[in-house]
$ cat entry-v9.csv   # CSV, N, CA and C atoms
chain,number,residue,atom,x,y,z
A,1,MET,N,28.0,-25.8,-19.9
A,1,MET,CA,28.9,-26.5,-20.8
A,1,MET,C,28.7,-26.2,-22.2
A,2,PHE,N,27.4,-26.3,-22.6
A,2,PHE,CA,27.0,-26.0,-24.0
A,2,PHE,C,27.4,-24.5,-24.3
A,3,PHE,N,27.2,-23.6,-23.4
A,3,PHE,CA,27.5,-22.2,-23.7
A,3,PHE,C,29.0,-21.9,-23.9
A,4,ASP,N,29.8,-22.6,-23.2
A,4,ASP,CA,31.3,-22.4,-23.3
A,4,ASP,C,31.8,-22.8,-24.7
A,5,SER,N,31.3,-23.8,-25.3
A,5,SER,CA,31.7,-24.2,-26.6
A,5,SER,C,31.3,-23.2,-27.7
A,6,VAL,N,30.1,-22.6,-27.5
A,6,VAL,CA,29.6,-21.6,-28.4
A,6,VAL,C,30.5,-20.3,-28.3
A,7,ALA,N,30.8,-20.0,-27.1
A,7,ALA,CA,31.7,-18.8,-26.9
A,7,ALA,C,33.0,-18.9,-27.6
A,8,TYR,N,33.6,-20.1,-27.5
A,8,TYR,CA,34.9,-20.3,-28.1
A,8,TYR,C,34.8,-20.4,-29.6
A,9,ALA,N,33.7,-20.8,-30.1
A,9,ALA,CA,33.5,-20.9,-31.6
A,9,ALA,C,33.3,-19.5,-32.2
A,10,MET,N,32.9,-18.5,-31.4
A,10,MET,CA,32.7,-17.2,-31.9
A,10,MET,C,33.8,-16.2,-31.5
A,11,ALA,N,34.9,-16.8,-31.2
A,11,ALA,CA,36.1,-15.9,-30.8
A,11,ALA,C,36.6,-15.1,-32.1
A,12,PRO,N,37.1,-13.9,-31.8
A,12,PRO,CA,37.6,-13.1,-33.0
A,12,PRO,C,38.8,-13.7,-33.6
A,13,PRO,N,39.0,-13.5,-34.8
A,13,PRO,CA,40.2,-14.0,-35.5
A,13,PRO,C,41.5,-13.5,-34.9
A,14,ALA,N,42.5,-14.3,-34.9
A,14,ALA,CA,43.8,-13.9,-34.4
A,14,ALA,C,44.4,-12.7,-35.2
A,15,GLY,N,45.0,-11.8,-34.6
A,15,GLY,CA,45.5,-10.6,-35.2
A,15,GLY,C,44.7,-9.4,-34.8
A,16,GLY,N,43.9,-9.4,-33.8
A,16,GLY,CA,43.2,-8.3,-33.3
A,16,GLY,C,42.0,-7.9,-34.1
A,17,GLY,N,41.5,-8.7,-35.0
A,17,GLY,CA,40.3,-8.4,-35.7
A,17,GLY,C,40.4,-7.3,-36.8
A,18,GLU,N,41.7,-6.9,-37.1
A,18,GLU,CA,41.9,-5.8,-38.1
A,18,GLU,C,41.5,-6.3,-39.5
A,19,ALA,N,40.9,-5.4,-40.3
A,19,ALA,CA,40.4,-5.8,-41.6
A,19,ALA,C,41.6,-6.0,-42.5
A,20,GLY,N,41.5,-6.9,-43.4
A,20,GLY,CA,42.6,-7.2,-44.4
A,20,GLY,C,42.7,-6.1,-45.5
A,21,GLY,N,43.5,-6.4,-46.4
A,21,GLY,CA,43.6,-5.4,-47.6
A,21,GLY,C,44.9,-4.7,-47.5
A,22,LEU,N,45.0,-3.7,-48.4
A,22,LEU,CA,46.2,-2.9,-48.5
A,22,LEU,C,46.6,-2.1,-47.2
A,23,GLY,N,45.6,-1.7,-46.5
A,23,GLY,CA,45.9,-1.0,-45.2
A,23,GLY,C,46.6,-1.9,-44.2
A,24,ALA,N,46.2,-3.2,-44.2
A,24,ALA,CA,46.8,-4.1,-43.3
A,24,ALA,C,48.2,-4.4,-43.7
A,25,ILE,N,48.4,-4.5,-45.0
A,25,ILE,CA,49.8,-4.8,-45.5
A,25,ILE,C,50.7,-3.7,-45.2
A,26,LEU,N,50.3,-2.4,-45.5
A,26,LEU,CA,51.2,-1.3,-45.3
A,26,LEU,C,51.3,-0.8,-43.8
A,27,GLY,N,50.4,-1.3,-43.0
A,27,GLY,CA,50.5,-1.0,-41.5
A,27,GLY,C,49.7,0.1,-41.0
A,28,GLY,N,48.6,0.6,-41.7
A,28,GLY,CA,47.7,1.6,-41.2
A,28,GLY,C,47.5,2.8,-42.1
A,29,PRO,N,46.9,3.8,-41.6
A,29,PRO,CA,46.6,5.0,-42.4
A,29,PRO,C,47.7,5.9,-42.8
A,30,LEU,N,48.7,6.0,-41.9
A,30,LEU,CA,49.8,6.9,-42.2
A,30,LEU,C,50.6,6.5,-43.5
A,31,PRO,N,51.0,5.3,-43.7
A,31,PRO,CA,51.7,4.9,-44.9
A,31,PRO,C,50.8,5.2,-46.2
A,32,MET,N,49.5,5.0,-46.0
A,32,MET,CA,48.6,5.2,-47.1
A,32,MET,C,48.5,6.7,-47.5
A,33,LEU,N,48.5,7.6,-46.5
A,33,LEU,CA,48.6,9.0,-46.7
A,33,LEU,C,49.9,9.4,-47.4
A,34,ILE,N,51.0,8.8,-47.0
A,34,ILE,CA,52.3,9.2,-47.6
A,34,ILE,C,52.3,8.7,-49.0
A,35,LEU,N,51.7,7.5,-49.3
A,35,LEU,CA,51.6,7.0,-50.7
A,35,LEU,C,50.8,7.9,-51.5
A,36,MET,N,49.6,8.4,-51.0
A,36,MET,CA,48.8,9.3,-51.8
A,36,MET,C,49.5,10.6,-52.1
A,37,PHE,N,50.2,11.1,-51.1
A,37,PHE,CA,50.9,12.4,-51.4
A,37,PHE,C,52.0,12.2,-52.4
A,38,ALA,N,52.7,11.0,-52.4
A,38,ALA,CA,53.7,10.8,-53.4
A,38,ALA,C,53.1,10.7,-54.8
A,39,ILE,N,52.0,10.1,-54.9
A,39,ILE,CA,51.3,10.0,-56.2
A,39,ILE,C,50.9,11.4,-56.7
A,40,PHE,N,50.3,12.2,-55.8
A,40,PHE,CA,49.9,13.6,-56.2
A,40,PHE,C,51.2,14.4,-56.6
A,41,TYR,N,52.3,14.2,-55.9
A,41,TYR,CA,53.5,15.0,-56.2
A,41,TYR,C,54.0,14.6,-57.6
A,42,PHE,N,54.1,13.4,-57.9
A,42,PHE,CA,54.7,13.0,-59.2
A,42,PHE,C,53.7,13.2,-60.3
A,43,LEU,N,52.4,13.2,-60.1
A,43,LEU,CA,51.5,13.3,-61.2
A,43,LEU,C,51.0,14.7,-61.4
A,44,LEU,N,51.0,15.6,-60.3
A,44,LEU,CA,50.4,16.9,-60.4
A,44,LEU,C,51.4,18.0,-60.1
A,45,ILE,N,52.0,17.9,-59.0
A,45,ILE,CA,52.9,19.1,-58.5
A,45,ILE,C,54.1,19.2,-59.3
A,46,ARG,N,54.9,18.1,-59.5
A,46,ARG,CA,56.2,18.2,-60.1
A,46,ARG,C,56.1,18.6,-61.6
A,47,PRO,N,55.1,18.1,-62.4
A,47,PRO,CA,55.0,18.6,-63.8
A,47,PRO,C,54.7,20.1,-63.8
A,48,GLN,N,53.9,20.5,-62.9
A,48,GLN,CA,53.5,22.0,-62.9
A,48,GLN,C,54.7,22.8,-62.6
A,49,GLN,N,55.6,22.4,-61.6
A,49,GLN,CA,56.8,23.1,-61.3
A,49,GLN,C,57.7,23.2,-62.5
A,50,LYS,N,57.8,22.1,-63.2
A,50,LYS,CA,58.7,22.0,-64.4
A,50,LYS,C,58.2,23.0,-65.5
A,51,LYS,N,56.9,23.0,-65.7
A,51,LYS,CA,56.3,23.9,-66.6
A,51,LYS,C,56.6,25.4,-66.2
A,52,GLN,N,56.4,25.7,-65.0
A,52,GLN,CA,56.7,27.1,-64.5
A,52,GLN,C,58.1,27.5,-64.7
A,53,LYS,N,59.0,26.6,-64.4
A,53,LYS,CA,60.5,26.8,-64.6
A,53,LYS,C,60.8,27.1,-66.0
A,54,ALA,N,60.2,26.3,-66.9
A,54,ALA,CA,60.5,26.5,-68.4
A,54,ALA,C,59.9,27.8,-68.8
A,55,HIS,N,58.8,28.2,-68.3
A,55,HIS,CA,58.1,29.5,-68.7
A,55,HIS,C,59.0,30.7,-68.2
A,56,ARG,N,59.5,30.6,-67.0
A,56,ARG,CA,60.3,31.6,-66.4
A,56,ARG,C,61.6,31.8,-67.2
A,57,ALA,N,62.2,30.6,-67.6
A,57,ALA,CA,63.4,30.7,-68.5
A,57,ALA,C,63.1,31.3,-69.8
A,58,MET,N,62.0,31.0,-70.4
A,58,MET,CA,61.6,31.6,-71.7
A,58,MET,C,61.4,33.1,-71.6
A,59,LEU,N,60.8,33.6,-70.5
A,59,LEU,CA,60.6,35.0,-70.3
A,59,LEU,C,61.9,35.7,-70.1
A,60,GLU,N,62.9,35.1,-69.5
A,60,GLU,CA,64.2,35.8,-69.3
A,60,GLU,C,65.0,35.8,-70.6
A,61,ALA,N,64.7,34.9,-71.5
A,61,ALA,CA,65.5,34.8,-72.7
A,61,ALA,C,64.9,35.6,-73.8
A,62,LEU,N,63.8,36.3,-73.6
A,62,LEU,CA,63.3,37.1,-74.7
A,62,LEU,C,64.2,38.2,-75.1
A,63,LYS,N,64.2,38.6,-76.4
A,63,LYS,CA,65.0,39.6,-76.9
A,63,LYS,C,64.3,40.3,-78.0
A,64,LYS,N,64.9,41.4,-78.5
A,64,LYS,CA,64.3,42.2,-79.6
A,64,LYS,C,64.1,41.3,-80.8
A,65,GLY,N,63.0,41.4,-81.5
A,65,GLY,CA,62.8,40.7,-82.8
A,65,GLY,C,62.1,39.4,-82.6
A,66,ASP,N,61.9,38.9,-81.3
A,66,ASP,CA,61.2,37.7,-81.1
A,66,ASP,C,59.7,37.9,-81.3
A,67,LYS,N,59.0,37.0,-81.9
A,67,LYS,CA,57.6,37.0,-82.0
A,67,LYS,C,57.0,36.3,-80.8
A,68,VAL,N,56.0,37.0,-80.1
A,68,VAL,CA,55.4,36.4,-78.9
A,68,VAL,C,53.9,36.5,-78.9
A,69,TRP,N,53.3,35.6,-78.2
A,69,TRP,CA,51.9,35.6,-78.0
A,69,TRP,C,51.6,36.1,-76.6
A,70,THR,N,50.7,37.0,-76.4
A,70,THR,CA,50.4,37.6,-75.1
A,70,THR,C,49.3,36.7,-74.5
A,71,ASN,N,49.0,36.9,-73.2
A,71,ASN,CA,47.9,36.2,-72.5
A,71,ASN,C,46.6,36.6,-73.1
A,72,GLY,N,46.5,37.7,-73.7
A,72,GLY,CA,45.3,38.2,-74.3
A,72,GLY,C,45.1,37.7,-75.7
A,73,GLY,N,46.0,36.9,-76.2
A,73,GLY,CA,45.9,36.3,-77.6
A,73,GLY,C,46.4,37.2,-78.7
A,74,ILE,N,47.2,38.2,-78.4
A,74,ILE,CA,47.8,39.1,-79.4
A,74,ILE,C,49.2,38.6,-79.8
A,75,LEU,N,49.4,38.5,-81.1
A,75,LEU,CA,50.7,38.1,-81.6
A,75,LEU,C,51.4,39.4,-82.0
A,76,GLY,N,52.6,39.5,-81.6
A,76,GLY,CA,53.4,40.7,-81.9
A,76,GLY,C,54.9,40.4,-81.9
A,77,THR,N,55.7,41.4,-82.4
A,77,THR,CA,57.1,41.3,-82.4
A,77,THR,C,57.7,42.3,-81.4
A,78,ILE,N,58.6,41.8,-80.6
A,78,ILE,CA,59.2,42.7,-79.6
A,78,ILE,C,60.1,43.7,-80.3
A,79,THR,N,59.9,45.0,-80.0
A,79,THR,CA,60.7,46.1,-80.6
A,79,THR,C,61.6,46.8,-79.5
A,80,ASP,N,61.2,46.7,-78.2
A,80,ASP,CA,62.0,47.3,-77.2
A,80,ASP,C,61.7,46.6,-75.9
A,81,ILE,N,62.8,46.4,-75.1
A,81,ILE,CA,62.7,45.8,-73.7
A,81,ILE,C,63.3,46.8,-72.8
A,82,ASP,N,62.5,47.2,-71.8
A,82,ASP,CA,62.9,48.2,-70.8
A,82,ASP,C,62.6,47.6,-69.4
A,83,GLY,N,63.5,46.8,-68.9
A,83,GLY,CA,63.3,46.1,-67.6
A,83,GLY,C,62.2,45.1,-67.7
A,84,ASP,N,61.1,45.4,-66.9
A,84,ASP,CA,59.9,44.5,-66.9
A,84,ASP,C,58.9,44.9,-68.0
A,85,ASN,N,59.1,46.0,-68.6
A,85,ASN,CA,58.2,46.4,-69.7
A,85,ASN,C,58.7,46.1,-71.1
A,86,MET,N,57.8,45.7,-72.0
A,86,MET,CA,58.2,45.4,-73.3
A,86,MET,C,57.3,46.1,-74.3
A,87,THR,N,57.8,46.6,-75.4
A,87,THR,CA,57.0,47.2,-76.4
A,87,THR,C,57.0,46.2,-77.5
A,88,ILE,N,55.7,45.8,-77.9
A,88,ILE,CA,55.6,44.9,-79.0
A,88,ILE,C,54.8,45.6,-80.2
A,89,GLU,N,55.2,45.3,-81.4
A,89,GLU,CA,54.5,45.8,-82.5
A,89,GLU,C,53.5,44.7,-83.0
A,90,ILE,N,52.2,45.1,-83.0
A,90,ILE,CA,51.2,44.1,-83.3
A,90,ILE,C,50.7,44.3,-84.7
A,91,ALA,N,50.9,45.5,-85.3
A,91,ALA,CA,50.6,45.8,-86.7
A,91,ALA,C,51.6,46.8,-87.2
A,92,SER,N,51.7,47.1,-88.4
A,92,SER,CA,52.6,48.1,-88.9
A,92,SER,C,52.3,49.4,-88.3
A,93,GLY,N,53.3,49.9,-87.5
A,93,GLY,CA,53.2,51.2,-86.8
A,93,GLY,C,52.3,51.2,-85.6
A,94,VAL,N,51.8,50.0,-85.1
A,94,VAL,CA,51.0,50.0,-83.9
A,94,VAL,C,51.8,49.2,-82.8
A,95,ASN,N,52.2,50.0,-81.8
A,95,ASN,CA,53.0,49.5,-80.7
A,95,ASN,C,52.2,49.4,-79.4
A,96,VAL,N,52.4,48.4,-78.7
A,96,VAL,CA,51.7,48.2,-77.4
A,96,VAL,C,52.8,47.9,-76.3
A,97,VAL,N,52.7,48.5,-75.1
A,97,VAL,CA,53.6,48.2,-74.1
A,97,VAL,C,52.9,47.3,-73.1
A,98,ILE,N,53.6,46.2,-72.8
A,98,ILE,CA,53.1,45.1,-71.9
A,98,ILE,C,54.1,44.8,-70.8
A,99,LYS,N,53.7,44.2,-69.8
A,99,LYS,CA,54.6,43.6,-68.8
A,99,LYS,C,55.2,42.3,-69.3
A,100,ARG,N,56.4,42.0,-68.9
A,100,ARG,CA,57.0,40.8,-69.4
A,100,ARG,C,56.2,39.5,-69.0
A,101,GLY,N,55.6,39.6,-67.8
A,101,GLY,CA,54.9,38.4,-67.3
A,101,GLY,C,53.6,38.1,-68.1
A,102,PHE,N,53.2,39.0,-68.9
A,102,PHE,CA,52.0,38.8,-69.7
A,102,PHE,C,52.3,38.1,-71.1
A,103,VAL,N,53.5,37.7,-71.3
A,103,VAL,CA,53.9,37.0,-72.5
A,103,VAL,C,53.5,35.5,-72.2
A,104,ALA,N,52.7,34.9,-73.0
A,104,ALA,CA,52.3,33.5,-72.8
A,104,ALA,C,53.3,32.5,-73.5
A,105,ASP,N,53.8,32.9,-74.7
A,105,ASP,CA,54.6,31.9,-75.4
A,105,ASP,C,55.3,32.6,-76.5
A,106,LYS,N,56.5,32.1,-76.9
A,106,LYS,CA,57.1,32.6,-78.1
A,106,LYS,C,56.5,31.9,-79.3
A,107,ASP,N,56.4,32.6,-80.4
A,107,ASP,CA,55.7,32.1,-81.6
A,107,ASP,C,56.7,31.1,-82.3
A,108,GLY,N,56.2,29.8,-82.3
A,108,GLY,CA,57.1,28.8,-82.9
A,108,GLY,C,56.8,28.6,-84.4
A,109,GLY,N,56.0,29.4,-85.0
A,109,GLY,CA,55.6,29.3,-86.4
A,109,GLY,C,54.3,30.0,-86.7
A,110,ALA,N,53.8,29.8,-87.8
A,110,ALA,CA,52.5,30.4,-88.2
A,110,ALA,C,51.4,29.7,-87.5
A,111,PRO,N,50.4,30.5,-87.1
A,111,PRO,CA,49.2,29.8,-86.4
A,111,PRO,C,48.5,28.9,-87.4
A,112,ALA,N,47.9,27.9,-86.8
A,112,ALA,CA,47.1,26.9,-87.6
A,112,ALA,C,45.9,27.6,-88.3
A,113,THR,N,45.7,27.3,-89.5
A,113,THR,CA,44.5,27.9,-90.2
A,113,THR,C,43.5,26.8,-90.5
A,114,ASP,N,42.3,27.2,-90.6
A,114,ASP,CA,41.2,26.3,-90.9
A,114,ASP,C,41.2,26.0,-92.4
A,115,LYS,N,41.3,24.7,-92.8
A,115,LYS,CA,41.5,24.3,-94.2
A,115,LYS,C,40.1,24.3,-94.9
A,116,LYS,N,39.0,24.3,-94.2
A,116,LYS,CA,37.7,24.3,-94.8
A,116,LYS,C,37.4,25.6,-95.5
A,117,LYS,N,36.9,25.5,-96.7
A,117,LYS,CA,36.5,26.8,-97.4
A,117,LYS,C,35.3,26.6,-98.2
$ encode --input "entry-v9.csv" --output "structure tokens"
Amino acid sequence: MFFDSVAYAMAPPAGGGEAGGLGAILGGPLPMLILMFAIFYFLLIRPQQKKQKAHRAMLEALKKGDKVWTNGGILGTITDIDGDNMTIEIASGVNVVIKRGFVADKDGGAPATDKKK
């Protein structure tokens, strides 16, 4: 008789003994994985895709006379475009042929200079 009362006192909580918290609220591990993927998508994947799309549009809009920065850090002016190849003038009379994909950015103005002298 004494042992029966102890056994009932130690019964698991109603609800199957599942731990509480956000996992119990959302219903298990699958919704948590979906939530994590959604967070990664909106914080990492989507902004990167937008950046790639903008860069692709910039590359297609390049024309003669545009100042561009190459991936190697060279600033030059486009003098000729032949399909995927571009000729850029990096100094007076110095021309370099590069692939269109190696253009990093259009020059939006003069590069920043160090004001300390």
$ atom_distance --input "entry-v9.csv" --atom1 "CA of Lys63 in chain A" --atom2 "CA of Ile81 in chain A"
7.3 Å
$ atom_distance --input "entry-v9.csv" --atom1 "atom N of Asp66 in chain A" --atom2 "atom C of Lys53 in chain A"
19.4 Å
$ residues_around --input "entry-v9.csv" --residues "Lys99 in chain A" --least-positions-apart "3" --cutoff "6 Å" --atoms "all atoms listed in the file" --output "PyMOL selection string"
chain A and resi 84-86+102-103
$ residues_around --input "entry-v9.csv" --residues "Asp107 in chain A" --least-positions-apart "6" --cutoff "8 Å" --atoms "only N, CA and C atoms" --output "list of chain:residue names"
A:Asp66, A:Lys67, A:Val68, A:Trp69, A:Leu75, A:Gly76
$ atom_distance --input "entry-v9.csv" --atom1 "CA of Thr79 in chain A" --atom2 "CA of Leu59 in chain A"
15.1 Å
$ build_atoms --input "entry-v9.csv" --residues "range 74-85 of chain A" --atoms "all heavy atoms" --output "mmCIF file, keeping the file's coordinate frame"
data_model
loop_
_atom_site.group_PDB
_atom_site.id
_atom_site.type_symbol
_atom_site.label_atom_id
_atom_site.label_comp_id
_atom_site.auth_asym_id
_atom_site.auth_seq_id
_atom_site.Cartn_x
_atom_site.Cartn_y
_atom_site.Cartn_z
ATOM 1 N N ILE A 74 47.200 38.200 -78.400
ATOM 2 C CA ILE A 74 47.800 39.100 -79.400
ATOM 3 C C ILE A 74 49.200 38.600 -79.800
ATOM 4 O O ILE A 74 50.001 38.306 -78.966
ATOM 5 C CB ILE A 74 47.837 40.506 -78.866
ATOM 6 C CG1 ILE A 74 46.436 40.995 -78.521
ATOM 7 C CG2 ILE A 74 48.507 41.427 -79.874
ATOM 8 C CD1 ILE A 74 46.416 42.328 -77.798
ATOM 9 N N LEU A 75 49.400 38.500 -81.100
ATOM 10 C CA LEU A 75 50.700 38.100 -81.600
ATOM 11 C C LEU A 75 51.400 39.400 -82.000
ATOM 12 O O LEU A 75 50.866 40.265 -82.703
ATOM 13 C CB LEU A 75 50.524 37.225 -82.873
ATOM 14 C CG LEU A 75 51.803 36.836 -83.601
ATOM 15 C CD1 LEU A 75 52.679 35.967 -82.702
ATOM 16 C CD2 LEU A 75 51.478 36.100 -84.884
ATOM 17 N N GLY A 76 52.600 39.500 -81.600
ATOM 18 C CA GLY A 76 53.400 40.700 -81.900
ATOM 19 C C GLY A 76 54.900 40.400 -81.900
ATOM 20 O O GLY A 76 55.348 39.386 -81.433
ATOM 21 N N THR A 77 55.700 41.400 -82.400
ATOM 22 C CA THR A 77 57.100 41.300 -82.400
ATOM 23 C C THR A 77 57.700 42.300 -81.400
ATOM 24 O O THR A 77 57.303 43.471 -81.368
ATOM 25 C CB THR A 77 57.643 41.662 -83.821
ATOM 26 O OG1 THR A 77 56.997 40.802 -84.766
ATOM 27 C CG2 THR A 77 59.135 41.481 -83.901
ATOM 28 N N ILE A 78 58.600 41.800 -80.600
ATOM 29 C CA ILE A 78 59.200 42.700 -79.600
ATOM 30 C C ILE A 78 60.100 43.700 -80.300
ATOM 31 O O ILE A 78 61.008 43.389 -81.054
ATOM 32 C CB ILE A 78 60.082 41.876 -78.594
ATOM 33 C CG1 ILE A 78 59.199 40.869 -77.859
ATOM 34 C CG2 ILE A 78 60.786 42.789 -77.591
ATOM 35 C CD1 ILE A 78 59.966 39.907 -76.976
ATOM 36 N N THR A 79 59.900 45.000 -80.000
ATOM 37 C CA THR A 79 60.700 46.100 -80.600
ATOM 38 C C THR A 79 61.600 46.800 -79.500
ATOM 39 O O THR A 79 62.562 47.369 -79.888
ATOM 40 C CB THR A 79 59.775 47.162 -81.223
ATOM 41 O OG1 THR A 79 58.880 47.694 -80.251
ATOM 42 C CG2 THR A 79 58.997 46.579 -82.386
ATOM 43 N N ASP A 80 61.200 46.700 -78.200
ATOM 44 C CA ASP A 80 62.000 47.300 -77.200
ATOM 45 C C ASP A 80 61.700 46.600 -75.900
ATOM 46 O O ASP A 80 60.602 46.174 -75.599
ATOM 47 C CB ASP A 80 61.647 48.770 -77.068
ATOM 48 C CG ASP A 80 62.573 49.501 -76.113
ATOM 49 O OD1 ASP A 80 63.763 49.129 -76.033
ATOM 50 O OD2 ASP A 80 62.104 50.430 -75.434
ATOM 51 N N ILE A 81 62.800 46.400 -75.100
ATOM 52 C CA ILE A 81 62.700 45.800 -73.700
ATOM 53 C C ILE A 81 63.300 46.800 -72.800
ATOM 54 O O ILE A 81 64.428 47.207 -72.893
ATOM 55 C CB ILE A 81 63.369 44.475 -73.646
ATOM 56 C CG1 ILE A 81 62.743 43.474 -74.620
ATOM 57 C CG2 ILE A 81 63.297 43.946 -72.221
ATOM 58 C CD1 ILE A 81 63.437 42.132 -74.661
ATOM 59 N N ASP A 82 62.500 47.200 -71.800
ATOM 60 C CA ASP A 82 62.900 48.200 -70.800
ATOM 61 C C ASP A 82 62.600 47.600 -69.400
ATOM 62 O O ASP A 82 61.559 47.822 -68.831
ATOM 63 C CB ASP A 82 62.246 49.531 -70.935
ATOM 64 C CG ASP A 82 62.732 50.558 -69.925
ATOM 65 O OD1 ASP A 82 63.874 50.422 -69.451
ATOM 66 O OD2 ASP A 82 61.962 51.496 -69.624
ATOM 67 N N GLY A 83 63.500 46.800 -68.900
ATOM 68 C CA GLY A 83 63.300 46.100 -67.600
ATOM 69 C C GLY A 83 62.200 45.100 -67.700
ATOM 70 O O GLY A 83 62.231 44.125 -68.392
ATOM 71 N N ASP A 84 61.100 45.400 -66.900
ATOM 72 C CA ASP A 84 59.900 44.500 -66.900
ATOM 73 C C ASP A 84 58.900 44.900 -68.000
ATOM 74 O O ASP A 84 57.973 44.137 -68.179
ATOM 75 C CB ASP A 84 59.310 44.617 -65.510
ATOM 76 C CG ASP A 84 58.423 43.425 -65.201
ATOM 77 O OD1 ASP A 84 58.683 42.339 -65.753
ATOM 78 O OD2 ASP A 84 57.473 43.581 -64.406
ATOM 79 N N ASN A 85 59.100 46.000 -68.600
ATOM 80 C CA ASN A 85 58.200 46.400 -69.700
ATOM 81 C C ASN A 85 58.700 46.100 -71.100
ATOM 82 O O ASN A 85 59.911 46.154 -71.305
ATOM 83 C CB ASN A 85 57.925 47.943 -69.631
ATOM 84 C CG ASN A 85 57.257 48.353 -68.336
ATOM 85 O OD1 ASN A 85 56.478 47.615 -67.766
ATOM 86 N ND2 ASN A 85 57.589 49.546 -67.872
#
